[in-house]
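**Q** Structure incoming, see below.
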Amino acid sequence: MSEGITMLFLETHNWGKTAKFLQRVGFSLDFETDHNSGQLSNGDGVPVFVAEVPESQEPRTSVVVAVPDESVDAELDVVTPFEDTHYGTREMTVRDPDGRTWVLRAPK
């Protein structure tokens with residue numbers, strides 16, 4: 001079912017500080033958006049996408065797993081069903097046995 005981990009998604013209260021931290025530990029800035037977010041990478045590893053959230057929101061970390069289509073195991077604990085994204089994919093959020101959330105990303 002899975003095509004592997006394709007991204008680590010981090011939410012932060014301060015995009016600039018988090019991006020600088022990642023650069024200090026060896027990541028390079030791939031791109032920055034105009035809404036306090038961007039992507040960094042380090043060699044052949046998976047990229048890290050960082051998005052700033054308001055102080056009132058708890059920052060989350062999600063592992064993004066590519067799947068070839070929207071066929072998923074019925075036993076998964078679905079948090080949100082597949083929905084269209086503004087960047088051209090469809091994503092679903094599931095919860096693992098320890099309560100962590102994972103994002104499944106399928107092509108549109």
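By convention here, the chains of the structure tokens are called A, B, ... in the order presented, each chain's residues are numbered starting at 1, and ligands are numbered starting at 1 in the order presented.
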Compile the contact shell of region 98-103 of chain A as a PyMOL selection string: residues with an atom at most 9 Å away, counting only C-alpha atoms, same-chain residues fewer than 5 positions apart removed.

**A** chain A and resi 60-66+79+91-93

**Q** Just list the residues in chain A DSSP gives strand (DSSP E) on the backbone, as a PyMOL selection string.

**A** chain A and resi 5-12+28-32+37-41+48-52+61-66+77-84+89-95+101-107

**Q** So, counting only C-alpha atoms, which residue among A:His86, A:Lys20, A:Lys108, A:Arg95 is closest to Glu70 (chain A)?

**A**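 When distances to Glu70 (chain A) are compared using only C-alpha atoms, the smallest one comes from A:Lys108.
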
**Q** Rank A:Gln39, A:Ser56, A:Thr85, A:Ser71 by their smallest atom-to-atom distance to Leu8 (chain A), using only C-alpha atoms, and report the top residue only.

**A** A:Gln39

**Q** Just checking: using only C-alpha atoms, which residue out of A:Leu40, A:Val50, A:Ala106, A:Leu10 ends up closest to Ser28 (chain A)?

**A** A:Leu40

**Q** Quick one: everything within 9 Å of Glu55 (chain A), counting only C-alpha atoms, minus sequence neighbours fewer than 3 positions away in the same chain. Send it as a list in words.

**A**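 Everything that qualifies: Thr12, His13, Glu58 and Pro59 of chain A.
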
**Q** May I ask for the distance between CA of Glu83 (chain A) and CA of Arg105 (chain A), given in Å to one decimal place?

**A** 9.6 Å

**Q** Using only C-alpha atoms, which protein or nucleic acid residues come within 12 Å of Asp30 (chain A)? Drop anything in the same chain fewer than 2 positions from it, and give the result as a list in words.

**A**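 Those residues are Ala19, Leu22, Gln23, Phe27, Ser28, Glu32, Thr33, Ser37, Gly38, Gln39, Leu40, Ser41, Asn42, Gly43, Pro47, Val48, Phe49 and Val50 of chain A.
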
**Q** Could those residues be written to a file, using N, CA, C and O atoms, as a short mmCIF file (atom, residue, chain, number, x, y, z; two decimals), in the first residue's frame?

**A**
data_model
loop_
_atom_site.label_atom_id
_atom_site.label_comp_id
_atom_site.auth_asym_id
_atom_site.auth_seq_id
_atom_site.Cartn_x
_atom_site.Cartn_y
_atom_site.Cartn_z
N ALA A 19 13.33 27.56 10.82
CA ALA A 19 14.11 27.42 9.58
C ALA A 19 15.59 27.63 9.85
O ALA A 19 16.44 26.87 9.36
N LEU A 22 17.03 24.52 11.61
CA LEU A 22 17.26 23.42 10.66
C LEU A 22 18.47 23.69 9.77
O LEU A 22 19.25 22.78 9.46
N GLN A 23 18.66 24.93 9.38
CA GLN A 23 19.84 25.28 8.57
C GLN A 23 21.12 25.10 9.38
O GLN A 23 22.13 24.65 8.85
N PHE A 27 20.45 21.53 7.12
CA PHE A 27 19.43 21.56 6.07
C PHE A 27 19.60 22.81 5.21
O PHE A 27 20.08 23.84 5.68
N SER A 28 19.17 22.70 3.97
CA SER A 28 19.18 23.83 3.03
C SER A 28 17.74 24.24 2.74
O SER A 28 16.86 23.37 2.61
N GLU A 32 10.59 29.15 0.28
CA GLU A 32 9.82 29.78 1.34
C GLU A 32 8.56 30.34 0.71
O GLU A 32 8.60 30.89 -0.40
N THR A 33 7.43 30.19 1.39
CA THR A 33 6.17 30.73 0.88
C THR A 33 5.98 32.15 1.41
O THR A 33 6.76 32.61 2.25
N SER A 37 5.91 29.76 5.87
CA SER A 37 6.14 28.33 5.74
C SER A 37 7.18 28.11 4.65
O SER A 37 7.52 29.03 3.90
N GLY A 38 7.68 26.90 4.57
CA GLY A 38 8.64 26.58 3.53
C GLY A 38 9.18 25.17 3.70
O GLY A 38 8.85 24.47 4.66
N GLN A 39 10.01 24.78 2.75
CA GLN A 39 10.57 23.43 2.75
C GLN A 39 12.08 23.49 2.81
O GLN A 39 12.71 24.31 2.16
N LEU A 40 12.64 22.58 3.60
CA LEU A 40 14.09 22.44 3.72
C LEU A 40 14.46 20.99 3.46
O LEU A 40 13.64 20.08 3.67
N SER A 41 15.67 20.76 2.99
CA SER A 41 16.10 19.39 2.73
C SER A 41 17.56 19.23 3.10
O SER A 41 18.29 20.20 3.29
N ASN A 42 17.96 17.95 3.18
CA ASN A 42 19.33 17.62 3.54
C ASN A 42 19.73 16.38 2.76
O ASN A 42 19.36 15.26 3.14
N GLY A 43 20.43 16.56 1.66
CA GLY A 43 20.88 15.42 0.87
C GLY A 43 19.74 14.62 0.31
O GLY A 43 18.75 15.15 -0.18
N PRO A 47 12.35 15.61 2.68
CA PRO A 47 12.29 17.03 3.01
C PRO A 47 11.45 17.28 4.26
O PRO A 47 10.62 16.45 4.65
N VAL A 48 11.68 18.43 4.86
CA VAL A 48 10.91 18.87 6.02
C VAL A 48 10.14 20.11 5.59
O VAL A 48 10.74 21.09 5.14
N PHE A 49 8.83 20.05 5.69
CA PHE A 49 8.00 21.23 5.41
C PHE A 49 7.59 21.81 6.74
O PHE A 49 7.05 21.10 7.60
N VAL A 50 7.85 23.10 6.94
CA VAL A 50 7.57 23.78 8.20
C VAL A 50 6.50 24.84 7.96
O VAL A 50 6.61 25.62 7.00
#
